[in-house]
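The next block is protein.csv, given as CSV, C-alpha atoms and all ligand atoms.
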chain,number,residue,atom,x,y,z
O,1,MET,CA,29.9,-0.1,-38.5
O,2,LYS,CA,31.6,-3.0,-40.3
O,3,ARG,CA,30.9,-3.2,-44.0
O,4,MET,CA,30.6,-6.5,-45.9
O,5,ARG,CA,30.0,-7.3,-49.6
O,6,ILE,CA,28.2,-10.5,-50.5
O,7,GLY,CA,28.0,-12.1,-53.9
O,8,VAL,CA,25.2,-14.5,-54.6
O,9,LEU,CA,25.0,-16.9,-57.6
O,10,THR,CA,23.0,-19.9,-58.8
O,11,GLY,CA,24.7,-22.8,-60.6
O,12,GLY,CA,23.8,-26.0,-62.4
O,13,GLY,CA,20.3,-26.9,-63.6
O,14,ASP,CA,17.6,-24.3,-62.7
O,15,CYS,CA,14.5,-25.2,-60.7
O,16,ALA,CA,11.7,-23.5,-58.8
O,17,GLY,CA,12.8,-21.9,-55.5
O,18,LEU,CA,16.0,-20.2,-56.6
O,19,ASN,CA,14.4,-16.8,-56.9
O,20,PRO,CA,12.8,-16.9,-53.4
O,21,ALA,CA,16.2,-17.8,-52.0
O,22,ILE,CA,18.0,-14.9,-53.8
O,23,LYS,CA,15.2,-12.5,-52.7
O,24,TRP,CA,15.6,-13.4,-49.1
O,25,VAL,CA,19.4,-13.3,-49.1
O,26,VAL,CA,19.0,-9.7,-50.3
O,27,LYS,CA,16.1,-8.8,-47.9
O,28,SER,CA,17.8,-10.3,-44.9
O,29,ALA,CA,21.3,-8.8,-45.7
O,30,LEU,CA,19.8,-5.3,-46.3
O,31,ASP,CA,17.4,-5.3,-43.4
O,32,GLU,CA,18.2,-2.0,-41.7
O,33,ARG,CA,16.8,-3.1,-38.3
O,34,LEU,CA,19.1,-6.2,-38.3
O,35,ALA,CA,22.1,-4.1,-39.5
O,36,GLY,CA,22.0,-2.3,-36.2
O,37,GLU,CA,21.8,-5.5,-34.2
O,38,ARG,CA,24.5,-7.2,-36.3
O,39,GLY,CA,26.8,-4.2,-36.5
O,40,ILE,CA,27.3,-5.0,-40.2
O,41,GLN,CA,26.2,-3.0,-43.2
O,42,PHE,CA,25.9,-5.4,-46.1
O,43,GLU,CA,26.0,-4.8,-49.8
O,44,VAL,CA,24.7,-7.6,-52.2
O,45,PHE,CA,25.9,-8.3,-55.7
O,46,GLY,CA,24.2,-10.8,-58.0
O,47,ILE,CA,26.7,-12.9,-60.0
O,48,ARG,CA,25.2,-13.9,-63.4
O,49,ASP,CA,25.4,-17.4,-64.9
O,50,GLY,CA,26.8,-19.3,-62.0
O,51,TRP,CA,30.6,-19.8,-61.8
O,52,SER,CA,30.9,-18.6,-65.4
O,53,GLY,CA,30.0,-15.1,-64.1
O,54,LEU,CA,33.0,-15.1,-61.7
O,55,ILE,CA,35.3,-16.2,-64.5
O,56,HIS,CA,34.4,-13.1,-66.5
O,57,ALA,CA,33.7,-10.6,-63.7
O,58,ASP,CA,37.0,-8.6,-63.8
O,59,PRO,CA,36.0,-5.0,-63.0
O,60,GLN,CA,38.2,-3.9,-65.9
O,61,ASN,CA,36.0,-6.0,-68.3
O,62,PRO,CA,33.9,-3.4,-70.3
O,63,ASP,CA,31.0,-5.9,-70.2
O,64,ILE,CA,31.2,-6.3,-66.4
O,65,LYS,CA,27.5,-5.4,-66.1
O,66,GLY,CA,26.6,-8.6,-67.9
O,67,TYR,CA,28.3,-10.6,-65.1
O,68,VAL,CA,27.7,-8.7,-61.8
O,69,VAL,CA,24.6,-6.7,-60.8
O,70,PRO,CA,24.0,-4.7,-57.6
O,71,LEU,CA,20.8,-6.0,-55.9
O,72,ASP,CA,18.5,-4.2,-53.5
O,73,GLN,CA,15.1,-4.8,-52.0
O,74,ASP,CA,13.2,-3.0,-54.8
O,75,ILE,CA,14.9,-5.1,-57.5
O,76,VAL,CA,14.1,-8.4,-55.8
O,77,ARG,CA,10.6,-7.4,-54.5
O,78,THR,CA,8.6,-9.7,-56.8
O,79,TRP,CA,11.2,-12.4,-57.6
O,80,ASP,CA,9.8,-15.1,-55.3
O,81,ARG,CA,6.8,-15.5,-57.5
O,82,TYR,CA,8.8,-16.6,-60.5
O,83,GLY,CA,10.5,-19.9,-61.5
O,84,GLY,CA,14.0,-20.3,-62.9
O,85,THR,CA,16.7,-17.9,-61.8
O,86,MET,CA,16.7,-14.2,-62.4
O,87,LEU,CA,20.5,-14.3,-62.2
O,88,GLY,CA,20.9,-17.0,-64.9
O,89,THR,CA,22.9,-20.2,-64.4
O,90,SER,CA,25.4,-22.4,-66.1
O,91,ARG,CA,27.1,-25.7,-65.7
O,92,THR,CA,30.5,-24.1,-65.9
O,93,ASN,CA,33.2,-25.8,-63.8
O,94,PRO,CA,36.1,-23.5,-63.1
O,95,TYR,CA,38.1,-26.5,-61.9
O,96,ASN,CA,37.5,-28.4,-65.2
O,97,PRO,CA,40.8,-30.3,-65.6
O,98,LYS,CA,40.7,-29.6,-69.3
O,99,ASN,CA,40.5,-25.8,-68.8
O,100,ASP,CA,41.2,-24.8,-65.2
O,101,GLN,CA,40.0,-21.2,-64.6
O,102,SER,CA,40.0,-21.3,-60.8
O,103,LYS,CA,42.8,-18.8,-60.5
O,104,LEU,CA,40.8,-16.3,-62.5
O,105,VAL,CA,37.8,-16.9,-60.2
O,106,LEU,CA,39.9,-16.3,-57.1
O,107,GLU,CA,41.4,-13.1,-58.6
O,108,ASN,CA,38.0,-11.8,-59.6
O,109,ILE,CA,36.6,-12.4,-56.1
O,110,LYS,CA,39.4,-10.2,-54.8
O,111,ARG,CA,39.0,-7.6,-57.5
O,112,LEU,CA,35.3,-7.3,-56.7
O,113,ALA,CA,36.1,-7.1,-53.0
O,114,LEU,CA,33.6,-9.8,-52.2
O,115,ASP,CA,33.8,-10.7,-48.5
O,116,ALA,CA,31.5,-13.7,-48.8
O,117,ILE,CA,29.8,-15.7,-51.5
O,118,ILE,CA,26.5,-17.5,-51.3
O,119,ALA,CA,26.3,-20.3,-53.9
O,120,ILE,CA,22.9,-21.8,-54.6
O,121,GLY,CA,23.3,-25.2,-56.3
O,122,GLY,CA,23.5,-29.0,-56.3
O,123,ASP,CA,26.5,-31.3,-55.9
O,124,ASP,CA,28.5,-29.9,-58.8
O,125,THR,CA,28.1,-26.2,-57.9
O,126,LEU,CA,28.8,-27.0,-54.2
O,127,SER,CA,31.8,-29.1,-55.1
O,128,VAL,CA,33.3,-25.9,-56.6
O,129,ALA,CA,32.2,-24.0,-53.5
O,130,GLN,CA,34.1,-26.5,-51.3
O,131,LYS,CA,37.3,-26.1,-53.4
O,132,LEU,CA,37.0,-22.3,-53.2
O,133,SER,CA,36.4,-22.6,-49.5
O,134,GLU,CA,39.6,-24.7,-49.2
O,135,ALA,CA,41.4,-21.9,-51.1
O,136,GLY,CA,40.3,-19.4,-48.4
O,137,VAL,CA,37.1,-17.9,-49.9
O,138,ASN,CA,34.3,-17.2,-47.4
O,139,ILE,CA,31.6,-19.3,-48.9
O,140,ILE,CA,28.1,-20.6,-47.9
O,141,GLY,CA,26.0,-23.1,-49.9
O,142,ILE,CA,22.3,-23.4,-50.3
O,143,PRO,CA,21.0,-26.8,-51.5
O,144,LYS,CA,18.9,-27.0,-54.7
O,145,THR,CA,18.1,-29.8,-57.1
O,146,ILE,CA,14.9,-31.5,-58.1
O,147,ASP,CA,16.8,-34.8,-57.7
O,148,LYS,CA,17.0,-34.2,-53.9
O,149,ASP,CA,20.2,-36.2,-53.9
O,150,LEU,CA,22.3,-34.0,-51.6
O,151,PRO,CA,23.2,-35.6,-48.2
O,152,GLU,CA,22.9,-33.9,-44.8
O,153,THR,CA,19.6,-32.2,-45.8
O,154,ASP,CA,16.1,-33.6,-46.0
O,155,TYR,CA,15.2,-30.9,-48.6
O,156,THR,CA,16.7,-29.3,-51.7
O,157,LEU,CA,15.0,-26.4,-53.4
O,158,GLY,CA,12.8,-27.3,-56.4
O,159,PHE,CA,11.9,-30.8,-55.4
O,160,GLU,CA,8.3,-30.1,-54.1
O,161,THR,CA,7.4,-28.0,-57.2
O,162,ALA,CA,8.7,-30.8,-59.4
O,163,LEU,CA,6.6,-33.4,-57.6
O,164,ASN,CA,3.6,-31.2,-58.2
O,165,VAL,CA,4.3,-31.2,-61.9
O,166,ILE,CA,4.5,-35.0,-61.8
O,167,ILE,CA,1.1,-35.4,-60.1
O,168,GLU,CA,-0.5,-32.8,-62.3
O,169,GLU,CA,0.7,-34.4,-65.5
O,170,VAL,CA,-0.2,-37.9,-64.3
O,171,ASP,CA,-3.7,-36.8,-63.4
O,172,ARG,CA,-4.1,-35.6,-67.0
O,173,LEU,CA,-2.7,-38.8,-68.4
O,174,ARG,CA,-5.1,-40.9,-66.4
O,175,THR,CA,-8.1,-39.6,-68.2
O,176,THR,CA,-6.8,-40.4,-71.7
O,177,ALA,CA,-5.1,-43.6,-70.5
O,178,GLY,CA,-8.5,-44.8,-69.1
O,179,SER,CA,-10.4,-43.9,-72.3
O,180,HIS,CA,-8.1,-46.0,-74.4
O,181,LYS,CA,-7.2,-48.7,-71.8
O,182,ARG,CA,-3.5,-47.8,-72.4
O,183,ILE,CA,-0.4,-48.0,-70.4
O,184,PHE,CA,1.5,-44.7,-69.9
O,185,VAL,CA,5.2,-44.9,-69.1
O,186,VAL,CA,6.2,-41.5,-67.6
O,187,GLU,CA,9.9,-40.7,-67.5
O,188,THR,CA,11.0,-38.4,-64.8
O,189,MET,CA,14.4,-36.8,-64.1
O,190,GLY,CA,16.7,-38.2,-61.5
O,191,ARG,CA,20.0,-39.5,-62.7
O,192,GLU,CA,21.4,-41.3,-59.7
O,193,ALA,CA,18.7,-40.9,-57.1
O,194,GLY,CA,15.1,-42.0,-57.6
O,195,TRP,CA,13.4,-39.6,-55.2
O,196,LEU,CA,11.5,-37.8,-57.9
O,197,ALA,CA,10.2,-41.0,-59.5
O,198,LEU,CA,9.6,-42.7,-56.1
O,199,GLU,CA,7.9,-39.8,-54.3
O,200,GLY,CA,6.2,-38.5,-57.4
O,201,GLY,CA,5.0,-42.0,-58.1
O,202,GLU,CA,3.7,-42.4,-54.6
O,203,ALA,CA,1.9,-39.1,-54.7
O,204,ALA,CA,0.4,-39.8,-58.1
O,205,GLY,CA,-0.5,-43.4,-57.2
O,206,ALA,CA,1.6,-45.0,-59.9
O,207,PHE,CA,1.1,-48.7,-60.5
O,208,ILE,CA,4.9,-49.4,-61.0
O,209,ILE,CA,7.8,-47.2,-60.1
O,210,LEU,CA,11.3,-47.9,-61.4
O,211,ILE,CA,14.3,-46.1,-59.8
O,212,PRO,CA,18.1,-46.0,-60.4
O,213,GLU,CA,18.9,-47.7,-57.1
O,214,PHE,CA,17.2,-50.9,-58.1
O,215,ASP,CA,17.9,-52.6,-61.4
O,216,PHE,CA,14.6,-54.0,-62.6
O,217,SER,CA,13.6,-57.1,-64.5
O,218,ILE,CA,11.4,-56.4,-67.6
O,219,GLU,CA,9.9,-59.8,-67.2
O,220,LYS,CA,8.8,-58.9,-63.7
O,221,VAL,CA,7.3,-55.6,-65.0
O,222,ASN,CA,5.3,-57.5,-67.6
O,223,GLN,CA,4.2,-60.0,-65.0
O,224,LEU,CA,3.0,-57.2,-62.7
O,225,VAL,CA,1.1,-55.5,-65.6
O,226,THR,CA,-0.5,-58.8,-66.6
O,227,GLU,CA,-1.5,-59.5,-63.0
O,228,GLY,CA,-2.9,-56.0,-62.7
O,229,ARG,CA,-5.0,-56.4,-65.8
O,230,ARG,CA,-6.4,-59.8,-64.5
O,231,ALA,CA,-7.3,-58.0,-61.3
O,232,GLY,CA,-9.3,-55.4,-63.2
O,233,ASN,CA,-6.9,-52.6,-64.1
O,234,ARG,CA,-8.2,-50.8,-67.1
O,235,TYR,CA,-5.0,-48.8,-67.6
O,236,ASP,CA,-1.7,-48.3,-65.9
O,237,ILE,CA,0.7,-45.5,-65.0
O,238,ILE,CA,4.3,-46.5,-64.8
O,239,ILE,CA,6.9,-44.0,-63.6
O,240,VAL,CA,10.5,-44.5,-64.5
O,241,SER,CA,13.4,-42.4,-63.4
O,242,GLU,CA,15.8,-41.4,-66.3
O,243,GLY,CA,18.6,-43.1,-64.5
O,244,ALA,CA,16.8,-46.5,-64.0
O,245,LYS,CA,18.0,-49.5,-65.9
O,246,PRO,CA,17.2,-53.1,-66.5
O,247,GLN,CA,19.3,-55.8,-64.8
O,248,GLY,CA,22.6,-56.2,-66.5
O,249,ALA,CA,22.4,-53.0,-68.5
O,250,VAL,CA,23.8,-49.5,-68.1
O,251,GLU,CA,22.0,-46.1,-68.1
O,252,PHE,CA,20.3,-45.0,-71.2
O,253,VAL,CA,22.1,-42.0,-72.7
O,254,LYS,CA,20.6,-39.5,-75.1
O,255,ASP,CA,23.8,-37.7,-75.8
O,256,GLU,CA,27.4,-39.0,-75.2
O,257,THR,CA,28.8,-35.5,-74.9
O,258,MET,CA,29.9,-34.8,-71.3
O,259,ASP,CA,29.4,-31.5,-69.6
O,260,SER,CA,32.2,-29.8,-67.7
O,261,PHE,CA,31.4,-31.9,-64.6
O,262,GLY,CA,31.6,-35.1,-66.6
O,263,HIS,CA,27.9,-35.9,-66.9
O,264,LYS,CA,26.2,-37.3,-70.0
O,265,CYS,CA,22.7,-36.4,-70.9
O,266,LEU,CA,20.4,-39.3,-69.9
O,267,GLY,CA,17.2,-40.3,-71.6
O,268,GLY,CA,15.4,-43.1,-73.5
O,269,ILE,CA,14.6,-45.5,-70.7
O,270,GLY,CA,10.8,-44.7,-70.9
O,271,GLU,CA,10.7,-45.6,-74.6
O,272,PHE,CA,12.6,-48.8,-73.9
O,273,VAL,CA,10.2,-49.9,-71.1
O,274,ALA,CA,7.1,-49.0,-73.2
O,275,ALA,CA,8.4,-51.0,-76.2
O,276,GLU,CA,9.3,-54.0,-74.0
O,277,ILE,CA,5.8,-54.0,-72.4
O,278,GLU,CA,4.0,-53.8,-75.7
O,279,HIS,CA,6.2,-56.6,-77.0
O,280,GLY,CA,5.8,-58.8,-73.9
O,281,THR,CA,2.1,-58.3,-73.1
O,282,GLY,CA,0.6,-57.1,-76.4
O,283,LEU,CA,-0.9,-54.1,-74.5
O,284,GLU,CA,-0.8,-50.7,-76.0
O,285,CYS,CA,1.8,-48.3,-74.4
O,286,ARG,CA,2.6,-44.7,-74.8
O,287,THR,CA,5.6,-42.8,-73.3
O,288,VAL,CA,5.7,-39.3,-71.9
O,289,VAL,CA,9.0,-37.7,-71.0
O,290,LEU,CA,8.4,-35.0,-68.4
O,291,SER,CA,12.0,-33.6,-68.7
O,292,HIS,CA,12.4,-29.9,-68.0
O,293,LEU,CA,8.7,-29.4,-67.3
O,294,GLN,CA,9.7,-30.6,-63.8
O,295,ARG,CA,12.2,-27.7,-63.5
O,296,GLY,CA,10.0,-25.0,-64.9
O,297,GLY,CA,7.1,-22.9,-63.6
O,298,ALA,CA,6.5,-20.8,-60.5
O,299,PRO,CA,7.6,-22.2,-57.2
O,300,GLY,CA,4.9,-23.8,-55.0
O,301,ALA,CA,4.3,-22.7,-51.4
O,302,PHE,CA,6.9,-25.0,-49.9
O,303,ASP,CA,9.7,-23.9,-52.3
O,304,ARG,CA,8.8,-20.2,-51.6
O,305,ARG,CA,9.0,-20.9,-47.8
O,306,MET,CA,12.1,-23.0,-48.0
O,307,GLY,CA,13.8,-20.6,-50.3
O,308,ARG,CA,13.0,-17.8,-47.9
O,309,TYR,CA,14.4,-19.7,-44.9
O,310,PHE,CA,17.5,-21.0,-46.7
O,311,GLY,CA,18.2,-17.4,-47.9
O,312,ILE,CA,17.9,-15.9,-44.4
O,313,ALA,CA,19.9,-18.8,-42.8
O,314,ALA,CA,22.7,-18.2,-45.3
O,315,VAL,CA,23.0,-14.6,-44.2
O,316,ASP,CA,22.8,-15.7,-40.6
O,317,LEU,CA,25.8,-18.0,-41.2
O,318,ILE,CA,27.8,-15.1,-42.7
O,319,VAL,CA,27.0,-12.9,-39.7
O,320,ALA,CA,28.2,-15.7,-37.4
O,321,GLY,CA,31.3,-16.1,-39.5
O,322,GLN,CA,30.6,-19.8,-40.1
O,323,PHE,CA,31.9,-20.2,-43.6
O,324,GLY,CA,32.5,-23.4,-45.6
O,325,ARG,CA,29.0,-24.6,-44.7
O,326,MET,CA,25.8,-25.5,-46.4
O,327,VAL,CA,22.4,-24.6,-45.1
O,328,CYS,CA,20.4,-27.8,-44.4
O,329,PHE,CA,16.8,-28.8,-43.5
O,330,LYS,CA,17.1,-31.7,-41.1
O,331,HIS,CA,14.4,-33.3,-38.9
O,332,GLY,CA,12.2,-30.3,-39.4
O,333,ASN,CA,14.9,-27.7,-38.4
O,334,ILE,CA,17.0,-25.4,-40.5
O,335,THR,CA,20.7,-26.1,-39.6
O,336,ALA,CA,24.0,-26.2,-41.4
O,337,CYS,CA,26.8,-28.7,-42.1
O,338,PRO,CA,30.3,-28.5,-43.5
O,339,LEU,CA,30.5,-28.4,-47.3
O,340,SER,CA,33.1,-31.1,-47.1
O,341,GLU,CA,30.4,-33.5,-45.8
O,342,ILE,CA,28.3,-33.2,-48.9
O,343,VAL,CA,30.6,-33.4,-51.8
O,344,GLY,CA,30.6,-36.8,-53.7
O,345,LYS,CA,28.2,-38.5,-51.3
O,346,PRO,CA,24.8,-38.6,-53.1
O,347,HIS,CA,21.8,-39.3,-51.0
O,348,LEU,CA,20.1,-42.2,-52.6
O,349,VAL,CA,16.9,-44.1,-52.0
O,350,ASP,CA,17.4,-46.9,-49.4
O,351,VAL,CA,15.8,-49.8,-51.2
O,352,ARG,CA,15.5,-51.8,-47.9
O,353,THR,CA,13.3,-49.2,-46.3
O,354,ASP,CA,12.0,-46.7,-48.9
O,355,TYR,CA,11.1,-49.1,-51.8
O,356,ASP,CA,9.1,-52.2,-52.3
O,357,ALA,CA,11.5,-54.2,-54.5
O,358,ASP,CA,9.0,-57.0,-54.9
O,359,ARG,CA,6.1,-54.9,-56.3
O,360,TYR,CA,8.3,-52.2,-57.8
O,361,ASN,CA,6.5,-49.5,-55.8
O,362,GLY,CA,6.6,-47.3,-52.8
O,363,ARG,CA,7.1,-48.6,-49.3
O,364,ARG,CA,4.4,-50.8,-47.9
O,365,THR,CA,5.1,-50.4,-44.2
O,366,ILE,CA,6.1,-47.1,-42.5
O,367,LEU,CA,6.6,-48.2,-38.9
O,368,GLY,CA,8.1,-51.6,-39.7
O,369,GLY,CA,4.8,-53.5,-40.1
O,370,LYS,CA,5.0,-55.0,-36.6
O,371,LEU,CA,2.4,-54.4,-33.9
O,372,GLU,CA,4.6,-53.1,-31.1
O,373,CYS,CA,3.4,-51.0,-28.3
O,374,THR,CA,5.3,-49.4,-25.5
O,375,GLU,CA,2.4,-47.6,-24.0
O,376,PRO,CA,1.5,-49.7,-20.9
O,377,THR,CA,-2.3,-49.4,-20.8
O,378,LEU,CA,-2.7,-50.1,-24.5
O,379,ALA,CA,-0.1,-53.0,-24.3
O,380,LYS,CA,-2.2,-54.5,-21.6
O,381,SER,CA,-5.5,-54.3,-23.5
O,382,ILE,CA,-3.8,-56.0,-26.4
O,383,ASP,CA,-2.7,-58.8,-24.1
B,401,LIG,O1,20.8,-32.3,-62.0
B,401,LIG,C1,19.4,-32.2,-62.1
B,401,LIG,C2,18.9,-32.7,-63.3
B,401,LIG,O2,17.5,-32.4,-63.2
B,401,LIG,C3,19.0,-34.2,-63.7
B,401,LIG,O3,18.0,-35.0,-63.2
B,401,LIG,C4,19.0,-34.2,-65.2
B,401,LIG,O4,19.7,-35.3,-65.7
B,401,LIG,C5,19.7,-32.9,-65.5
B,401,LIG,O5,19.4,-32.0,-64.5
B,401,LIG,C6,19.4,-32.4,-66.9
B,401,LIG,O6,19.9,-31.1,-67.0
B,401,LIG,P1,20.2,-30.2,-68.3
B,401,LIG,O7,19.3,-30.7,-69.3
B,401,LIG,O8,19.9,-28.8,-67.8
B,401,LIG,O9,21.6,-30.4,-68.5
Hey, can you dump this file as structure tokens for me?
Amino acid sequence: MKRMRIGVLTGGGDCAGLNPAIKWVVKSALDERLAGERGIQFEVFGIRDGWSGLIHADPQNPDIKGYVVPLDQDIVRTWDRYGGTMLGTSRTNPYNPKNDQSKLVLENIKRLALDAIIAIGGDDTLSVAQKLSEAGVNIIGIPKTIDKDLPETDYTLGFETALNVIIEEVDRLRTTAGSHKRIFVVETMGREAGWLALEGGEAAGAFIILIPEFDFSIEKVNQLVTEGRRAGNRYDIIIVSEGAKPQGAVEFVKDETMDSFGHKCLGGIGEFVAAEIEHGTGLECRTVVLSHLQRGGAPGAFDRRMGRYFGIAAVDLIVAGQFGRMVCFKHGNITACPLSEIVGKPHLVDVRTDYDADRYNGRRTILGGKLECTEPTLAKSID
């Protein structure tokens, strides 16, 4: 029987759903019944701390155990219940132009005799996967990011659990907001794509939602708040994405230092919006920054299921020899697409169809708002 050794790693910001994916990579790869059908006997190694693990994972390194761990079904048995990543993660970029360590990664992949690598990550991690794939490494990607900004997939691990954090916290804020007749500005993550703010805001019933894809006018925000108060609103919940900005401004940055992929740490837009509303309307405002609460905690049911399916599908792709691909969830099906299709093409909110740019809120019509009917009998009765 053919023998294959898989390395699995998680890179970039953590989120819920990573551990279920790792667990099911291991369970699927080591499934004895499937081994017979596949004619492949797999071994699985966990690489610690994302790409950083592969930079240090020289088998001669006396600390090798800190970077590579053999995984089996007993070890991963309970992992799907837990948030974060049992393998650890990092934002290390082996192709960082200031310190290119990609050769070391390629050498260590050979030294460890890894026949394939499964990289679970967002656009940064998968951009490294794509480069390694071009360099001849057999690599499969699994999409994760609470920002849900990867193209070619309708789902990225962690998103649903993060949405649940948003609605839970907004539900809490509603009681205190109501008691004090206050406005709460809730800042979510989402640096380029506003999916978390938009869909979190829709799920939580926010009064105003501000997203990076549409630069807002603070005068308009104040006008909407004032109109709402006249119409009887006792309090308001406003959700703002960390990457949202007022017209004519740039993103609010908390820390100018860039990570190895060239990103600055965003933050501060919530405080700005709250201060501007207080100033413009005289109403009392408070800000809550949800920050990493959205990435923490146990995965919800959807992330456990999707982690499971993505993990199994990644092993299926290895069995089929289809490397250089990312597992996707598209139109309700688990599929795969070339890694080259996803790098540098963020999936953003389409303001024309997904957002109400007039009321700064979620979409108002789903099917286009027109009464169209193709079903003959019903069409006739409307006539
Ligand atoms: O990339 C996902 C993300 O959640 C962004 O929305 C956010 O800007 C970033 O992670 C923050 O990550 P960290 O604090 O871990 O660097």
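When only C-alpha atoms and all ligand atoms are used to compute distances to ligand LIG 401 (chain B), the closest of the residues O:Gly321, O:Gly248, O:Gly121, O:Pro20 turns out to be O:Gly121.
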> Using only C-alpha atoms and all ligand atoms, what are the residues with an atom within 8 Å of ligand LIG 401 (chain B), set out as a PyMOL selection string?
Replying inline: chain O and resi 12-14+91+122+145-147+188-192+242-243+259+265-266+291-292+295
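Residue nearest O:Ile277 within the list O:Phe159, O:Phe184, O:Tyr82, O:Phe42: O:Phe184 [criterion: smallest interatomic distance, all atoms listed in the file].
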>> Can you pull out the residues contacting O:Arg359? Cut-off 12 Å, using all atoms listed in the file, and skip same-chain residues under 3 positions away; I want them as a VMD selection string.
In response: chain O and resid 206 to 210 214 216 to 217 220 to 225 227 to 228 355 to 356 362 to 364
Extract, using all atoms listed in the file, all DNA, RNA and protein residues at most 9 Å from stretch 286-289 of chain O, discarding same-chain residues fewer than 2 positions from it, and format them as an mmCIF file with C-alpha atoms, keeping the file's coordinate frame.
data_model
loop_
_atom_site.group_PDB
_atom_site.id
_atom_site.type_symbol
_atom_site.label_atom_id
_atom_site.label_comp_id
_atom_site.auth_asym_id
_atom_site.auth_seq_id
_atom_site.Cartn_x
_atom_site.Cartn_y
_atom_site.Cartn_z
ATOM 1 C CA ALA O 177 -5.100 -43.600 -70.500
ATOM 2 C CA ARG O 182 -3.500 -47.800 -72.400
ATOM 3 C CA ILE O 183 -0.400 -48.000 -70.400
ATOM 4 C CA PHE O 184 1.500 -44.700 -69.900
ATOM 5 C CA VAL O 185 5.200 -44.900 -69.100
ATOM 6 C CA VAL O 186 6.200 -41.500 -67.600
ATOM 7 C CA GLU O 187 9.900 -40.700 -67.500
ATOM 8 C CA THR O 188 11.000 -38.400 -64.800
ATOM 9 C CA MET O 189 14.400 -36.800 -64.100
ATOM 10 C CA GLY O 267 17.200 -40.300 -71.600
ATOM 11 C CA GLY O 268 15.400 -43.100 -73.500
ATOM 12 C CA GLY O 270 10.800 -44.700 -70.900
ATOM 13 C CA GLU O 271 10.700 -45.600 -74.600
ATOM 14 C CA VAL O 273 10.200 -49.900 -71.100
ATOM 15 C CA ALA O 274 7.100 -49.000 -73.200
ATOM 16 C CA ALA O 275 8.400 -51.000 -76.200
ATOM 17 C CA GLU O 284 -0.800 -50.700 -76.000
ATOM 18 C CA SER O 291 12.000 -33.600 -68.700
#
